[in-house]
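Engineer: Questions regarding the structure given below will be posed in turn.
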Amino acid sequence: MSDTREIEQLKYRYVRLLDTKQWDEFASCFSDDATADYAGLSFTSPGELVDYMRTNLPGTIITMHHLHHPEIAVDGDVATGRWYLYDKVFAPAFGFALEGAAFYEDRYARTPQGWRIAHTGYQRTWELTTSLKDQPSAKLTGPGGPATHA
């Protein structure tokens, strides 16, 4: 498999594990010294990032991340990548929904275990937040059964 294809598979695995809340496997996507910056929400280690996600994105918060149009450049044992992101977040317990788009800017490092994310982050191009209370007829279901809002 080519380096570019391996990096694509890594990033696709990153969003699948994020959306399915498989935090131990999610942690394996990163190099030991990885950093992240999601539009100002910054992390200086993969442990800090994974702990934040585990705490703030429990199974009751439904997320969907789609990645498109990868632009990947490999230079030996390092690489860069840019991805178009489209995402949605539903937090029924808080009556909150978010939809948006961004461009991820990543750095990757080849490790003995394969390619890993050395840095990831994005800048939003747009974001829409809505109250689920504004959509009284909406019914949202996800992991764990139907989700309701008051």
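Letters for chains follow the order of the structure tokens (A, B, ...), residue numbers begin at 1 for each chain, and ligand numbers begin at 1 in the order shown.
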Which residues come within 8 Å of range 34-49 of chain A, counting only C-alpha atoms, excluding same-chain residues fewer than 3 positions away, as a PDB file with all heavy atoms, in the first residue's frame?
Structural biologist:
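Generated file (selection.pdb):
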ATOM      1  N   ALA A  27      -6.724   6.706  20.471  1.00  0.00           N
ATOM      2  CA  ALA A  27      -5.397   7.123  20.953  1.00  0.00           C
ATOM      3  C   ALA A  27      -4.283   6.546  20.087  1.00  0.00           C
ATOM      4  O   ALA A  27      -3.227   7.176  19.922  1.00  0.00           O
ATOM      5  CB  ALA A  27      -5.219   6.714  22.408  1.00  0.00           C
ATOM      6  N   PHE A  30      -2.264   8.442  17.052  1.00  0.00           N
ATOM      7  CA  PHE A  30      -1.341   9.560  17.265  1.00  0.00           C
ATOM      8  C   PHE A  30       0.078   9.103  17.584  1.00  0.00           C
ATOM      9  O   PHE A  30       0.278   8.077  18.239  1.00  0.00           O
ATOM     10  CB  PHE A  30      -1.837  10.430  18.427  1.00  0.00           C
ATOM     11  CG  PHE A  30      -3.192  11.016  18.172  1.00  0.00           C
ATOM     12  CD1 PHE A  30      -4.335  10.409  18.672  1.00  0.00           C
ATOM     13  CD2 PHE A  30      -3.337  12.159  17.407  1.00  0.00           C
ATOM     14  CE1 PHE A  30      -5.592  10.932  18.433  1.00  0.00           C
ATOM     15  CE2 PHE A  30      -4.589  12.687  17.155  1.00  0.00           C
ATOM     16  CZ  PHE A  30      -5.718  12.077  17.666  1.00  0.00           C
ATOM     17  N   SER A  31       1.042   9.919  17.175  1.00  0.00           N
ATOM     18  CA  SER A  31       2.419   9.717  17.629  1.00  0.00           C
ATOM     19  C   SER A  31       2.494  10.083  19.110  1.00  0.00           C
ATOM     20  O   SER A  31       1.595  10.752  19.644  1.00  0.00           O
ATOM     21  CB  SER A  31       3.385  10.585  16.816  1.00  0.00           C
ATOM     22  OG  SER A  31       3.134  11.965  17.038  1.00  0.00           O
ATOM     23  N   TYR A  52      -9.835  14.584  26.970  1.00  0.00           N
ATOM     24  CA  TYR A  52     -10.856  15.604  26.712  1.00  0.00           C
ATOM     25  C   TYR A  52     -12.016  15.007  25.921  1.00  0.00           C
ATOM     26  O   TYR A  52     -13.187  15.204  26.261  1.00  0.00           O
ATOM     27  CB  TYR A  52     -10.252  16.795  25.952  1.00  0.00           C
ATOM     28  CG  TYR A  52     -11.283  17.830  25.607  1.00  0.00           C
ATOM     29  CD1 TYR A  52     -11.584  18.850  26.491  1.00  0.00           C
ATOM     30  CD2 TYR A  52     -11.989  17.774  24.399  1.00  0.00           C
ATOM     31  CE1 TYR A  52     -12.563  19.805  26.187  1.00  0.00           C
ATOM     32  CE2 TYR A  52     -12.956  18.710  24.091  1.00  0.00           C
ATOM     33  CZ  TYR A  52     -13.236  19.722  24.984  1.00  0.00           C
ATOM     34  OH  TYR A  52     -14.202  20.643  24.677  1.00  0.00           O
ATOM     35  N   MET A  53     -11.700  14.286  24.855  1.00  0.00           N
ATOM     36  CA  MET A  53     -12.748  13.694  24.020  1.00  0.00           C
ATOM     37  C   MET A  53     -13.574  12.685  24.813  1.00  0.00           C
ATOM     38  O   MET A  53     -14.802  12.679  24.738  1.00  0.00           O
ATOM     39  CB  MET A  53     -12.147  13.024  22.783  1.00  0.00           C
ATOM     40  CG  MET A  53     -11.442  13.975  21.851  1.00  0.00           C
ATOM     41  SD  MET A  53     -12.558  15.189  21.125  1.00  0.00           S
ATOM     42  CE  MET A  53     -11.456  15.990  19.975  1.00  0.00           C
ATOM     43  N   ILE A 117      -0.572  10.359  13.349  1.00  0.00           N
ATOM     44  CA  ILE A 117      -0.827  11.798  13.320  1.00  0.00           C
ATOM     45  C   ILE A 117       0.108  12.467  14.315  1.00  0.00           C
ATOM     46  O   ILE A 117       0.096  12.136  15.507  1.00  0.00           O
ATOM     47  CB  ILE A 117      -2.291  12.098  13.669  1.00  0.00           C
ATOM     48  CG1 ILE A 117      -3.220  11.461  12.634  1.00  0.00           C
ATOM     49  CG2 ILE A 117      -2.522  13.612  13.784  1.00  0.00           C
ATOM     50  CD1 ILE A 117      -4.690  11.454  13.027  1.00  0.00           C
ATOM     51  N   ALA A 118       0.933  13.401  13.840  1.00  0.00           N
ATOM     52  CA  ALA A 118       1.837  14.167  14.705  1.00  0.00           C
ATOM     53  C   ALA A 118       1.190  15.485  15.132  1.00  0.00           C
ATOM     54  O   ALA A 118       1.480  16.007  16.208  1.00  0.00           O
ATOM     55  CB  ALA A 118       3.160  14.433  13.989  1.00  0.00           C
ATOM     56  N   HIS A 119       0.333  16.013  14.286  1.00  0.00           N
ATOM     57  CA  HIS A 119      -0.446  17.209  14.624  1.00  0.00           C
ATOM     58  C   HIS A 119      -1.711  17.194  13.776  1.00  0.00           C
ATOM     59  O   HIS A 119      -1.666  16.856  12.592  1.00  0.00           O
ATOM     60  CB  HIS A 119       0.305  18.509  14.345  1.00  0.00           C
ATOM     61  CG  HIS A 119      -0.549  19.713  14.621  1.00  0.00           C
ATOM     62  ND1 HIS A 119      -0.708  20.223  15.884  1.00  0.00           N
ATOM     63  CD2 HIS A 119      -1.328  20.470  13.811  1.00  0.00           C
ATOM     64  CE1 HIS A 119      -1.545  21.255  15.838  1.00  0.00           C
ATOM     65  NE2 HIS A 119      -1.930  21.422  14.587  1.00  0.00           N
ATOM     66  N   THR A 120      -2.809  17.573  14.397  1.00  0.00           N
ATOM     67  CA  THR A 120      -4.050  17.740  13.665  1.00  0.00           C
ATOM     68  C   THR A 120      -4.756  18.985  14.169  1.00  0.00           C
ATOM     69  O   THR A 120      -4.549  19.410  15.313  1.00  0.00           O
ATOM     70  CB  THR A 120      -4.976  16.499  13.783  1.00  0.00           C
ATOM     71  OG1 THR A 120      -6.048  16.643  12.855  1.00  0.00           O
ATOM     72  CG2 THR A 120      -5.510  16.312  15.189  1.00  0.00           C
ATOM     73  N   GLY A 121      -5.553  19.545  13.322  1.00  0.00           N
ATOM     74  CA  GLY A 121      -6.323  20.715  13.724  1.00  0.00           C
ATOM     75  C   GLY A 121      -7.058  21.279  12.535  1.00  0.00           C
ATOM     76  O   GLY A 121      -6.816  20.892  11.390  1.00  0.00           O
ATOM     77  N   TYR A 122      -7.992  22.171  12.824  1.00  0.00           N
ATOM     78  CA  TYR A 122      -8.744  22.778  11.736  1.00  0.00           C
ATOM     79  C   TYR A 122      -9.115  24.201  12.066  1.00  0.00           C
ATOM     80  O   TYR A 122      -9.085  24.636  13.207  1.00  0.00           O
ATOM     81  CB  TYR A 122      -9.996  21.972  11.386  1.00  0.00           C
ATOM     82  CG  TYR A 122     -11.007  21.792  12.511  1.00  0.00           C
ATOM     83  CD1 TYR A 122     -11.693  22.858  13.065  1.00  0.00           C
ATOM     84  CD2 TYR A 122     -11.283  20.520  13.001  1.00  0.00           C
ATOM     85  CE1 TYR A 122     -12.630  22.680  14.073  1.00  0.00           C
ATOM     86  CE2 TYR A 122     -12.214  20.317  14.003  1.00  0.00           C
ATOM     87  CZ  TYR A 122     -12.885  21.403  14.532  1.00  0.00           C
ATOM     88  OH  TYR A 122     -13.802  21.221  15.532  1.00  0.00           O
ATOM     89  N   GLN A 123      -9.463  24.902  11.006  1.00  0.00           N
ATOM     90  CA  GLN A 123     -10.058  26.224  11.095  1.00  0.00           C
ATOM     91  C   GLN A 123     -11.419  26.131  10.412  1.00  0.00           C
ATOM     92  O   GLN A 123     -11.525  25.637   9.287  1.00  0.00           O
ATOM     93  CB  GLN A 123      -9.190  27.283  10.410  1.00  0.00           C
ATOM     94  CG  GLN A 123      -7.889  27.554  11.132  1.00  0.00           C
ATOM     95  CD  GLN A 123      -8.114  28.094  12.539  1.00  0.00           C
ATOM     96  OE1 GLN A 123      -8.974  28.937  12.767  1.00  0.00           O
ATOM     97  NE2 GLN A 123      -7.342  27.591  13.487  1.00  0.00           N
ATOM     98  N   ARG A 124     -12.441  26.611  11.083  1.00  0.00           N
ATOM     99  CA  ARG A 124     -13.800  26.566  10.556  1.00  0.00           C
ATOM    100  C   ARG A 124     -13.961  27.511   9.365  1.00  0.00           C
ATOM    101  O   ARG A 124     -13.428  28.620   9.366  1.00  0.00           O
ATOM    102  CB  ARG A 124     -14.803  26.979  11.627  1.00  0.00           C
ATOM    103  CG  ARG A 124     -15.027  25.948  12.693  1.00  0.00           C
ATOM    104  CD  ARG A 124     -16.030  24.943  12.233  1.00  0.00           C
ATOM    105  NE  ARG A 124     -16.360  24.001  13.288  1.00  0.00           N
ATOM    106  CZ  ARG A 124     -16.910  22.833  13.042  1.00  0.00           C
ATOM    107  NH1 ARG A 124     -17.209  22.470  11.812  1.00  0.00           N
ATOM    108  NH2 ARG A 124     -17.198  22.011  14.021  1.00  0.00           N
TER     109      ARG A 124
END
Engineer: Name all residues at most 10 Å from Ala79 in chain A (count only C-alpha atoms; drop same-chain ones fewer than 3 positions away) and give them as a VMD selection string.
Structural biologist: chain A and resid 3 to 4 7 72 to 76 106 to 110 115 to 118
Engineer: Only C-alpha atoms, please: the residues just picked out, written as a PDB file, in the first residue's frame.
Structural biologist:
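part_20.pdb, freshly written:
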ATOM      1  CA  ASP A   3       2.211   5.980   1.858  1.00  0.00           C
ATOM      2  CA  THR A   4      -0.587   8.251   0.661  1.00  0.00           C
ATOM      3  CA  ILE A   7      -2.297   8.116   5.554  1.00  0.00           C
ATOM      4  CA  ILE A  72      -1.353  14.688   0.963  1.00  0.00           C
ATOM      5  CA  ALA A  73       2.363  15.319   0.417  1.00  0.00           C
ATOM      6  CA  VAL A  74       4.911  12.743   1.602  1.00  0.00           C
ATOM      7  CA  ASP A  75       8.574  13.619   2.161  1.00  0.00           C
ATOM      8  CA  GLY A  76      10.416  10.566   3.472  1.00  0.00           C
ATOM      9  CA  ASP A 106      -2.313  17.708   9.558  1.00  0.00           C
ATOM     10  CA  ARG A 107       1.258  16.534   9.956  1.00  0.00           C
ATOM     11  CA  TYR A 108       2.097  12.832   9.969  1.00  0.00           C
ATOM     12  CA  ALA A 109       5.125  10.834  11.089  1.00  0.00           C
ATOM     13  CA  ARG A 110       6.170   7.358  10.031  1.00  0.00           C
ATOM     14  CA  TRP A 115       1.951   6.336   9.952  1.00  0.00           C
ATOM     15  CA  ARG A 116       0.637   8.315  12.919  1.00  0.00           C
ATOM     16  CA  ILE A 117      -0.827  11.798  13.320  1.00  0.00           C
ATOM     17  CA  ALA A 118       1.837  14.167  14.705  1.00  0.00           C
TER      18      ALA A 118
END
Engineer: Tell me, as a PyMOL selection string, which residues lie within 12 Å of His69 in chain A, counting only C-alpha atoms; anything in the same chain fewer than 3 positions away does not count.
Structural biologist: chain A and resi 8+66+72+81-86+103-104
Engineer: Take the residues that were just selected and, keeping N, CA, C and O atoms, output them as a tab-separated table (two decimals), in the first residue's frame.
Structural biologist:
chain	number	residue	atom	x	y	z
A	8	GLU	N	-4.36	8.14	4.24
A	8	GLU	CA	-5.81	8.26	4.09
A	8	GLU	C	-6.53	7.30	5.04
A	8	GLU	O	-7.48	7.69	5.72
A	66	HIS	N	-17.33	13.82	8.24
A	66	HIS	CA	-17.04	13.37	6.88
A	66	HIS	C	-15.80	14.12	6.40
A	66	HIS	O	-15.71	15.34	6.55
A	72	ILE	N	-2.40	15.28	0.13
A	72	ILE	CA	-1.35	14.69	0.96
A	72	ILE	C	-0.02	14.79	0.23
A	72	ILE	O	0.08	14.47	-0.95
A	81	GLY	N	-1.03	16.88	5.34
A	81	GLY	CA	-2.31	16.60	4.73
A	81	GLY	C	-3.30	17.72	4.99
A	81	GLY	O	-3.28	18.34	6.06
A	82	ARG	N	-4.12	17.99	4.01
A	82	ARG	CA	-5.23	18.93	4.15
A	82	ARG	C	-6.49	18.17	3.75
A	82	ARG	O	-6.49	17.44	2.76
A	83	TRP	N	-7.54	18.33	4.55
A	83	TRP	CA	-8.80	17.62	4.33
A	83	TRP	C	-9.95	18.60	4.48
A	83	TRP	O	-9.92	19.46	5.35
A	84	TYR	N	-10.97	18.41	3.67
A	84	TYR	CA	-12.19	19.17	3.85
A	84	TYR	C	-13.07	18.37	4.81
A	84	TYR	O	-13.33	17.19	4.59
A	85	LEU	N	-13.53	19.02	5.88
A	85	LEU	CA	-14.37	18.39	6.89
A	85	LEU	C	-15.79	18.95	6.83
A	85	LEU	O	-15.98	20.16	6.73
A	86	TYR	N	-16.77	18.05	6.91
A	86	TYR	CA	-18.16	18.42	7.13
A	86	TYR	C	-18.60	17.61	8.35
A	86	TYR	O	-18.42	16.39	8.38
A	103	PHE	N	-11.35	23.14	7.30
A	103	PHE	CA	-10.22	22.50	6.65
A	103	PHE	C	-9.26	22.02	7.73
A	103	PHE	O	-8.77	22.81	8.53
A	104	TYR	N	-9.04	20.70	7.76
A	104	TYR	CA	-8.01	20.12	8.62
A	104	TYR	C	-6.65	20.39	7.99
A	104	TYR	O	-6.48	20.30	6.77
Engineer: Can you measure CA of Phe26 in chain A to CA of Arg13 in chain A for me? One decimal in Å is fine.
Structural biologist: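 CA of Arg13 in chain A lies at a distance of 8.0 Å from CA of Phe26 in chain A.
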Engineer: Please identify the alpha helix (DSSP H) residues within range 3-103 of chain A (assignment by DSSP from backbone atoms) and present them as a PyMOL selection string.
Structural biologist: chain A and resi 3-19+23-27+46-56
Engineer: Next, the residues of the selection above should be written as a short mmCIF file (atom, residue, chain, number, x, y, z; two decimals), in the first residue's frame with N, CA, C and O atoms.
Structural biologist:
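Saved to out_6.cif:
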data_model
loop_
_atom_site.label_atom_id
_atom_site.label_comp_id
_atom_site.auth_asym_id
_atom_site.auth_seq_id
_atom_site.Cartn_x
_atom_site.Cartn_y
_atom_site.Cartn_z
N ASP A 3 2.23 5.11 0.67
CA ASP A 3 2.21 5.98 1.86
C ASP A 3 0.96 6.85 1.88
O ASP A 3 0.33 7.02 2.93
N THR A 4 0.60 7.40 0.73
CA THR A 4 -0.59 8.25 0.66
C THR A 4 -1.83 7.48 1.07
O THR A 4 -2.65 7.97 1.86
N ARG A 5 -1.98 6.27 0.57
CA ARG A 5 -3.15 5.46 0.92
C ARG A 5 -3.15 5.11 2.41
O ARG A 5 -4.20 5.12 3.05
N GLU A 6 -2.00 4.81 2.96
CA GLU A 6 -1.91 4.50 4.40
C GLU A 6 -2.32 5.71 5.24
O GLU A 6 -3.01 5.56 6.25
N ILE A 7 -1.92 6.90 4.83
CA ILE A 7 -2.30 8.12 5.55
C ILE A 7 -3.80 8.36 5.43
O ILE A 7 -4.46 8.73 6.40
N GLU A 8 -4.36 8.14 4.24
CA GLU A 8 -5.81 8.26 4.09
C GLU A 8 -6.53 7.30 5.04
O GLU A 8 -7.48 7.69 5.72
N GLN A 9 -6.08 6.06 5.10
CA GLN A 9 -6.70 5.07 5.97
C GLN A 9 -6.59 5.49 7.43
O GLN A 9 -7.53 5.31 8.21
N LEU A 10 -5.46 6.07 7.83
CA LEU A 10 -5.27 6.56 9.19
C LEU A 10 -6.28 7.65 9.52
O LEU A 10 -6.94 7.62 10.58
N LYS A 11 -6.44 8.62 8.65
CA LYS A 11 -7.37 9.72 8.92
C LYS A 11 -8.81 9.25 8.92
O LYS A 11 -9.62 9.68 9.74
N TYR A 12 -9.15 8.33 8.01
CA TYR A 12 -10.50 7.77 8.02
C TYR A 12 -10.76 6.99 9.32
O TYR A 12 -11.84 7.06 9.89
N ARG A 13 -9.74 6.25 9.79
CA ARG A 13 -9.87 5.53 11.07
C ARG A 13 -10.06 6.51 12.23
O ARG A 13 -10.88 6.29 13.11
N TYR A 14 -9.33 7.62 12.20
CA TYR A 14 -9.44 8.67 13.22
C TYR A 14 -10.89 9.14 13.36
O TYR A 14 -11.43 9.20 14.46
N VAL A 15 -11.57 9.45 12.24
CA VAL A 15 -12.95 9.95 12.36
C VAL A 15 -13.92 8.83 12.72
O VAL A 15 -14.88 9.06 13.44
N ARG A 16 -13.68 7.60 12.24
CA ARG A 16 -14.56 6.49 12.61
C ARG A 16 -14.49 6.22 14.10
O ARG A 16 -15.51 6.08 14.78
N LEU A 17 -13.29 6.20 14.65
CA LEU A 17 -13.13 5.95 16.08
C LEU A 17 -13.64 7.11 16.92
O LEU A 17 -14.19 6.90 18.00
N LEU A 18 -13.51 8.33 16.42
CA LEU A 18 -14.07 9.49 17.10
C LEU A 18 -15.60 9.38 17.15
O LEU A 18 -16.20 9.54 18.22
N ASP A 19 -16.22 9.07 16.04
CA ASP A 19 -17.68 9.02 16.00
C ASP A 19 -18.25 7.81 16.73
O ASP A 19 -19.39 7.86 17.20
N TRP A 23 -12.23 5.18 22.38
CA TRP A 23 -11.15 6.08 22.77
C TRP A 23 -9.78 5.42 22.85
O TRP A 23 -8.78 6.06 22.51
N ASP A 24 -9.70 4.18 23.29
CA ASP A 24 -8.38 3.53 23.35
C ASP A 24 -7.80 3.35 21.95
O ASP A 24 -6.62 3.62 21.72
N GLU A 25 -8.64 2.92 21.01
CA GLU A 25 -8.17 2.80 19.63
C GLU A 25 -7.91 4.16 19.01
O GLU A 25 -6.97 4.33 18.23
N PHE A 26 -8.73 5.15 19.34
CA PHE A 26 -8.53 6.52 18.86
C PHE A 26 -7.13 7.00 19.25
O PHE A 26 -6.42 7.58 18.43
N ALA A 27 -6.72 6.71 20.47
CA ALA A 27 -5.40 7.12 20.95
C ALA A 27 -4.28 6.55 20.09
O ALA A 27 -3.23 7.18 19.92
N PRO A 46 -1.19 13.69 23.12
CA PRO A 46 -2.32 12.84 22.75
C PRO A 46 -3.15 12.41 23.96
O PRO A 46 -4.38 12.31 23.86
N GLY A 47 -2.51 12.22 25.10
CA GLY A 47 -3.25 11.86 26.30
C GLY A 47 -4.24 12.93 26.70
O GLY A 47 -5.39 12.64 27.06
N GLU A 48 -3.80 14.17 26.64
CA GLU A 48 -4.68 15.31 26.97
C GLU A 48 -5.86 15.37 26.00
O GLU A 48 -7.01 15.57 26.41
N LEU A 49 -5.60 15.17 24.71
CA LEU A 49 -6.64 15.20 23.69
C LEU A 49 -7.65 14.07 23.91
O LEU A 49 -8.86 14.30 23.94
N VAL A 50 -7.16 12.85 24.09
CA VAL A 50 -8.06 11.70 24.25
C VAL A 50 -8.88 11.84 25.53
O VAL A 50 -10.09 11.57 25.53
N ASP A 51 -8.27 12.29 26.61
CA ASP A 51 -9.01 12.49 27.86
C ASP A 51 -10.13 13.51 27.69
O ASP A 51 -11.24 13.33 28.19
N TYR A 52 -9.84 14.58 26.97
CA TYR A 52 -10.86 15.60 26.71
C TYR A 52 -12.02 15.01 25.92
O TYR A 52 -13.19 15.20 26.26
N MET A 53 -11.70 14.29 24.86
CA MET A 53 -12.75 13.69 24.02
C MET A 53 -13.57 12.69 24.81
O MET A 53 -14.80 12.68 24.74
N ARG A 54 -12.91 11.85 25.58
CA ARG A 54 -13.60 10.83 26.38
C ARG A 54 -14.58 11.48 27.36
O ARG A 54 -15.70 11.01 27.55
N THR A 55 -14.17 12.59 27.95
CA THR A 55 -14.99 13.29 28.94
C THR A 55 -16.13 14.09 28.29
O THR A 55 -17.25 14.09 28.79
N ASN A 56 -15.82 14.75 27.19
CA ASN A 56 -16.77 15.70 26.61
C ASN A 56 -17.60 15.17 25.45
O ASN A 56 -18.53 15.85 25.01
#
Engineer: From a backbone DSSP assignment, name each residue in range 15-61 of chain A labelled strand (DSSP E), as a list in words.
Structural biologist: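 Those residues are Phe30, Ser31, Asp32, Asp33, Ala34, Thr35, Ala36, Asp37, Tyr38, Leu41, Ser42 and Phe43 of chain A.
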Engineer: For a test of reading the model, state the distance in Å between CA of Asp33 in chain A and CA of Lys21 in chain A, rounded to one decimal.
Structural biologist: 21.7 Å
Engineer: Counting only C-alpha atoms, what is within 6 Å of range 87-92 of chain A, bar same-chain residues fewer than 6 positions away, as a list in words?
Structural biologist: Ile61, Ile62, Thr63, Met64, His65, Leu98, Glu99, Gly100, Thr148 and His149 of chain A
Engineer: Can I get the selected residues back with all heavy atoms, as a CSV table (one decimal), in the first residue's frame?
Structural biologist:
chain,number,residue,atom,x,y,z
A,61,ILE,N,-23.7,11.9,23.1
A,61,ILE,CA,-23.5,13.0,22.1
A,61,ILE,C,-23.2,12.3,20.8
A,61,ILE,O,-22.2,11.6,20.7
A,61,ILE,CB,-22.4,14.0,22.6
A,61,ILE,CG1,-22.9,14.7,23.8
A,61,ILE,CG2,-22.1,15.0,21.4
A,61,ILE,CD1,-21.9,15.7,24.4
A,62,ILE,N,-24.1,12.6,19.8
A,62,ILE,CA,-23.9,11.9,18.5
A,62,ILE,C,-23.1,12.8,17.6
A,62,ILE,O,-23.4,14.0,17.5
A,62,ILE,CB,-25.3,11.7,17.9
A,62,ILE,CG1,-26.1,10.8,18.9
A,62,ILE,CG2,-25.2,11.1,16.5
A,62,ILE,CD1,-27.6,10.7,18.6
A,63,THR,N,-22.1,12.3,17.0
A,63,THR,CA,-21.2,13.1,16.1
A,63,THR,C,-21.1,12.4,14.8
A,63,THR,O,-21.3,11.1,14.6
A,63,THR,CB,-19.8,13.2,16.7
A,63,THR,OG1,-19.2,12.0,16.9
A,63,THR,CG2,-19.8,14.0,18.0
A,64,MET,N,-20.9,13.2,13.7
A,64,MET,CA,-20.7,12.6,12.4
A,64,MET,C,-19.6,13.5,11.7
A,64,MET,O,-19.8,14.7,11.7
A,64,MET,CB,-22.0,12.7,11.6
A,64,MET,CG,-21.7,12.3,10.1
A,64,MET,SD,-22.9,13.0,8.9
A,64,MET,CE,-22.3,14.7,8.9
A,65,HIS,N,-18.5,12.9,11.3
A,65,HIS,CA,-17.4,13.6,10.7
A,65,HIS,C,-17.2,13.0,9.3
A,65,HIS,O,-16.9,11.8,9.2
A,65,HIS,CB,-16.1,13.6,11.5
A,65,HIS,CG,-16.2,14.3,12.8
A,65,HIS,ND1,-16.8,13.7,13.9
A,65,HIS,CD2,-15.8,15.5,13.2
A,65,HIS,CE1,-16.8,14.6,14.9
A,65,HIS,NE2,-16.1,15.7,14.5
A,98,LEU,N,-25.1,21.2,16.2
A,98,LEU,CA,-24.1,21.9,15.5
A,98,LEU,C,-23.9,21.3,14.1
A,98,LEU,O,-23.8,20.1,14.0
A,98,LEU,CB,-22.8,22.0,16.3
A,98,LEU,CG,-21.6,22.6,15.7
A,98,LEU,CD1,-20.7,23.3,16.8
A,98,LEU,CD2,-20.8,21.7,14.8
A,99,GLU,N,-23.7,22.1,13.1
A,99,GLU,CA,-23.3,21.7,11.8
A,99,GLU,C,-22.3,22.6,11.3
A,99,GLU,O,-22.3,23.8,11.5
A,99,GLU,CB,-24.5,21.7,10.9
A,99,GLU,CG,-24.3,21.2,9.5
A,99,GLU,CD,-25.6,21.2,8.7
A,99,GLU,OE1,-26.6,21.7,9.2
A,99,GLU,OE2,-25.5,20.7,7.6
A,100,GLY,N,-21.3,22.1,10.6
A,100,GLY,CA,-20.2,23.0,10.1
A,100,GLY,C,-19.3,22.4,9.1
A,100,GLY,O,-19.4,21.2,8.8
A,148,THR,N,-34.1,12.2,23.5
A,148,THR,CA,-35.2,13.2,23.5
A,148,THR,C,-34.6,14.5,24.1
A,148,THR,O,-33.6,14.5,24.7
A,148,THR,CB,-36.4,12.7,24.4
A,148,THR,OG1,-35.8,12.5,25.7
A,148,THR,CG2,-37.0,11.5,23.9
A,149,HIS,N,-35.4,15.5,23.9
A,149,HIS,CA,-35.0,16.8,24.4
A,149,HIS,C,-36.3,17.5,25.0
A,149,HIS,O,-37.3,17.2,24.6
A,149,HIS,CB,-34.3,17.7,23.4
A,149,HIS,CG,-35.1,18.0,22.2
A,149,HIS,ND1,-35.2,17.1,21.2
A,149,HIS,CD2,-35.9,19.0,21.9
A,149,HIS,CE1,-36.0,17.5,20.2
A,149,HIS,NE2,-36.5,18.7,20.6
Engineer: If I take CA of Gln22 in chain A and CA of Gly142 in chain A, how far is one from the other in Å, to one decimal?
Structural biologist: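 We find that CA of Gln22 in chain A and CA of Gly142 in chain A lie 15.5 Å from each other.
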Engineer: Using only C-alpha atoms, which protein or nucleic acid residues come within 8 Å of Phe96 in chain A? Drop anything in the same chain fewer than 6 positions from it, and give the result as a ChimeraX atom specification.
Structural biologist: /A:90,129-132
Engineer: Could those selected residues go to a file with all heavy atoms, as a JSON list (two decimals), in the first residue's frame?
Structural biologist:
[["chain", "number", "residue", "atom", "x", "y", "z"],
["A", 90, "PHE", "N", -24.89, 16.37, 17.70],
["A", 90, "PHE", "CA", -26.19, 16.46, 18.36],
["A", 90, "PHE", "C", -26.01, 16.14, 19.83],
["A", 90, "PHE", "O", -25.49, 15.07, 20.17],
["A", 90, "PHE", "CB", -27.20, 15.48, 17.75],
["A", 90, "PHE", "CG", -27.49, 15.76, 16.30],
["A", 90, "PHE", "CD1", -26.84, 15.04, 15.31],
["A", 90, "PHE", "CD2", -28.41, 16.72, 15.94],
["A", 90, "PHE", "CE1", -27.10, 15.28, 13.97],
["A", 90, "PHE", "CE2", -28.68, 16.98, 14.60],
["A", 90, "PHE", "CZ", -28.02, 16.25, 13.62],
["A", 129, "THR", "N", -25.20, 26.67, 14.74],
["A", 129, "THR", "CA", -25.71, 26.03, 15.94],
["A", 129, "THR", "C", -27.20, 26.30, 16.02],
["A", 129, "THR", "O", -27.67, 27.39, 15.67],
["A", 129, "THR", "CB", -25.01, 26.55, 17.21],
["A", 129, "THR", "OG1", -25.18, 27.95, 17.31],
["A", 129, "THR", "CG2", -23.52, 26.22, 17.19],
["A", 130, "THR", "N", -27.94, 25.27, 16.46],
["A", 130, "THR", "CA", -29.37, 25.42, 16.59],
["A", 130, "THR", "C", -29.84, 24.76, 17.88],
["A", 130, "THR", "O", -29.16, 23.88, 18.43],
["A", 130, "THR", "CB", -30.13, 24.76, 15.41],
["A", 130, "THR", "OG1", -29.77, 23.38, 15.33],
["A", 130, "THR", "CG2", -29.82, 25.44, 14.10],
["A", 131, "SER", "N", -30.99, 25.19, 18.33],
["A", 131, "SER", "CA", -31.63, 24.56, 19.48],
["A", 131, "SER", "C", -32.55, 23.47, 18.96],
["A", 131, "SER", "O", -33.36, 23.71, 18.06],
["A", 131, "SER", "CB", -32.43, 25.60, 20.27],
["A", 131, "SER", "OG", -33.23, 24.94, 21.23],
["A", 132, "LEU", "N", -32.43, 22.29, 19.53],
["A", 132, "LEU", "CA", -33.35, 21.21, 19.16],
["A", 132, "LEU", "C", -34.78, 21.56, 19.55],
["A", 132, "LEU", "O", -35.72, 21.02, 18.99],
["A", 132, "LEU", "CB", -32.90, 19.89, 19.77],
["A", 132, "LEU", "CG", -31.57, 19.35, 19.25],
["A", 132, "LEU", "CD1", -31.17, 18.10, 20.03],
["A", 132, "LEU", "CD2", -31.62, 19.08, 17.76]]
